[in-house]
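Read through the structure below, which is laid out as structure tokens, and then see the notes.
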Amino acid sequence: MSVKLTFVSPGDGGGISRSCSFTGFSTVQSRKLAKSLSRSSVRSRMSLKPPKAYNSLQKGALIWDPKPLQVKKIFEALKKGLNEYLEAHQAELDYLSGRHKDTKRNSRLAFYYDLDKQIRSVERYIRKLEFHISKVEELYEAYCIQCRLRDGATNMKQAFSLSPSTKASRESLVELYKNVQECTEDMCFIEGALEVHLGEFHVKMKGLVGFARLCPGDQYEVFVRLGRQKWRLKGKIETDDSQTWDEEEKVFIPNLHEKFEIKVTELRGLATILVGVVTCDSVNFFTTKPQAIIVDITELGTIKLRLEVLWKCRVENSPMLPHSNPWA
């Protein structure tokens with residue numbers, strides 16, 4: 001079923017805040033190398049940004065709570081999506097290179113040089129994308145090292161706690177506790193650094209589907225939240241069954257730990273009636289193609305929300321693919 005939509009005002013993609021984290025974390029092969037990156041300098045960078053931008057910072061108090069399983073899931077999805085980007089631009093490069101050879105023989109000189117400029121632009125982007133992928137892989141490798149070190153220190157701490165209490169064992173427990181804390185903090189910092197490389201989700205409103213449940217004159221409010229990022233939009237069912245919404249699109253910055261929360265309410269005068277609340281994992285959105293989402297808002301699925309999510313990899317100077325329209 002197609003839904004005719006009208007948007008009163010253009011989409012607003014503002015109000016984006018990133019995780020408070022450093023962005024230049026490079027290869028870490030050992031605990032010593034991680035410390036050489038200077039934890040104090042990392043924390044000083046975090047202090048330059050508002051605490052609300054990082055999920056592990058609440059009311060000024062640090063809450064260290066890394067999620068290794070979730071990070072692994074997001075990393076694998078992100079790497080797959082980045083490789084799709086790389087393959088798409090490599091295919092574009094092959095296409096332009098083929099045209100370049102044909103054009104060199106039987107075309108105008110100006111067009112030939114313009115095509116050559118496009119090829120060089122795609123080649124530069126491919127190199128940047130390959131470097132971007134390598135940074136993501138290095139960050140995750142560093143994360144896994146800290147995770148293993150933390151697990152090892154935790155196991156040793158448990159073993160010492162079960163052994164007879166001596167001065168040496170108590171000193172070892174204190175040192176192991178410090179090691180666990182340091183590894184935990186480093187894991188949280190690396191999680192923040194990984195979030196910087198997650199790109200953007202462009203969420204597009206496609207309308208409500210409810211068949212007999214949607215009547216002319218009905219007004220609805222849709223509230224979408226991802227972590228601390230919020231999008232609230234209102235819509236109305238018109239007499240011709242089309243829908244008018246006050247916004248069309250919103251940009252969200254992906255988050256390692258948070259899922260999309262979607263709440264739909266019906267507006268009846270001064271009263272609001274809750275239609276339904278659902279959550280949606282973002283792990284499947286890391287792909288070059290737009291993902292159509294049809295969410296059952298009610299338990300029986302009598303009202304559904306249609307959204308479209310396009311993931312964009314944030315690599316500097318990204319060239320547009322000439323013969324591809326992501327929203328087509």
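Identifiers in this document derive from the order of the structure tokens: chains are assigned A, B, ..., residues are numbered from 1 separately in each chain, and ligands are numbered from 1 in order of occurrence.
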So which residues touch range 80-83 of chain A within 8 Å, counting only C-alpha atoms, skipping near sequence neighbours fewer than 6 positions away, as a list in words?
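So, after excluding close chain neighbours, the residues are Leu129, Ile133, Phe286, Thr287, Thr288 and Cys313 of chain A.
The nearest approach to Val309 in chain A among the residues A:Leu214, A:Ile273, A:Met205, A:Val196, with only C-alpha atoms taken into account, belongs to A:Met205.
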Would you mind reading off the distance between CA of Gly227 in chain A and CA of Gln181 in chain A, one decimal, in Å?
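Atom-to-atom, CA of Gly227 in chain A and CA of Gln181 in chain A are spaced 25.1 Å apart.
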Neighbouring residues of Pro68 in chain A were defined as those with any atom within 9 Å, considering only C-alpha atoms; residues of the same chain fewer than 6 positions away were excluded. Please report them as a list of chain:residue names.
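The residues satisfying every condition are A:Tyr143, A:Cys144, A:Cys147, A:Met187.
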Please dump the current selection as a PDB file, in the first residue's frame; keep all heavy atoms.
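The resulting file, out_14.pdb, is reproduced below:
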ATOM      1  N   TYR A 143      40.784  -2.856  21.430  1.00  0.00           N
ATOM      2  CA  TYR A 143      39.687  -3.145  22.358  1.00  0.00           C
ATOM      3  C   TYR A 143      39.743  -4.600  22.822  1.00  0.00           C
ATOM      4  O   TYR A 143      39.570  -4.889  24.013  1.00  0.00           O
ATOM      5  CB  TYR A 143      38.364  -2.849  21.658  1.00  0.00           C
ATOM      6  CG  TYR A 143      37.149  -2.951  22.550  1.00  0.00           C
ATOM      7  CD1 TYR A 143      36.771  -1.887  23.360  1.00  0.00           C
ATOM      8  CD2 TYR A 143      36.370  -4.105  22.565  1.00  0.00           C
ATOM      9  CE1 TYR A 143      35.649  -1.965  24.171  1.00  0.00           C
ATOM     10  CE2 TYR A 143      35.248  -4.195  23.367  1.00  0.00           C
ATOM     11  CZ  TYR A 143      34.894  -3.125  24.174  1.00  0.00           C
ATOM     12  OH  TYR A 143      33.790  -3.212  24.971  1.00  0.00           O
ATOM     13  N   CYS A 144      39.973  -5.505  21.895  1.00  0.00           N
ATOM     14  CA  CYS A 144      40.049  -6.929  22.245  1.00  0.00           C
ATOM     15  C   CYS A 144      41.219  -7.212  23.176  1.00  0.00           C
ATOM     16  O   CYS A 144      41.114  -8.037  24.098  1.00  0.00           O
ATOM     17  CB  CYS A 144      40.168  -7.778  20.975  1.00  0.00           C
ATOM     18  SG  CYS A 144      38.680  -7.783  19.950  1.00  0.00           S
ATOM     19  N   CYS A 147      40.226  -6.084  26.559  1.00  0.00           N
ATOM     20  CA  CYS A 147      39.207  -6.993  27.086  1.00  0.00           C
ATOM     21  C   CYS A 147      39.846  -8.265  27.635  1.00  0.00           C
ATOM     22  O   CYS A 147      39.488  -8.736  28.721  1.00  0.00           O
ATOM     23  CB  CYS A 147      38.198  -7.322  25.983  1.00  0.00           C
ATOM     24  SG  CYS A 147      36.803  -8.318  26.545  1.00  0.00           S
ATOM     25  N   MET A 187      38.832   0.466  27.732  1.00  0.00           N
ATOM     26  CA  MET A 187      37.800  -0.082  26.850  1.00  0.00           C
ATOM     27  C   MET A 187      36.713   0.945  26.566  1.00  0.00           C
ATOM     28  O   MET A 187      36.239   1.075  25.429  1.00  0.00           O
ATOM     29  CB  MET A 187      37.197  -1.347  27.478  1.00  0.00           C
ATOM     30  CG  MET A 187      38.138  -2.552  27.476  1.00  0.00           C
ATOM     31  SD  MET A 187      37.468  -3.956  28.402  1.00  0.00           S
ATOM     32  CE  MET A 187      36.084  -4.409  27.358  1.00  0.00           C
TER      33      MET A 187
END
Looking only at the backbone, which of the residues in range 77-216 of chain A does DSSP tag as helix (DSSP H, G or I), as a ChimeraX atom specification?
/A:77-106,109-162,167-196,211-213
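Using only C-alpha atoms, the contacts of Val180 in chain A at a cut-off of 10 Å, with sequence neighbours closer than 6 positions omitted, comprise Gln146, Cys147, Leu149, Arg150, Asp151, Gly152, Ala153, Thr154, Lys157 and Asp186 of chain A.
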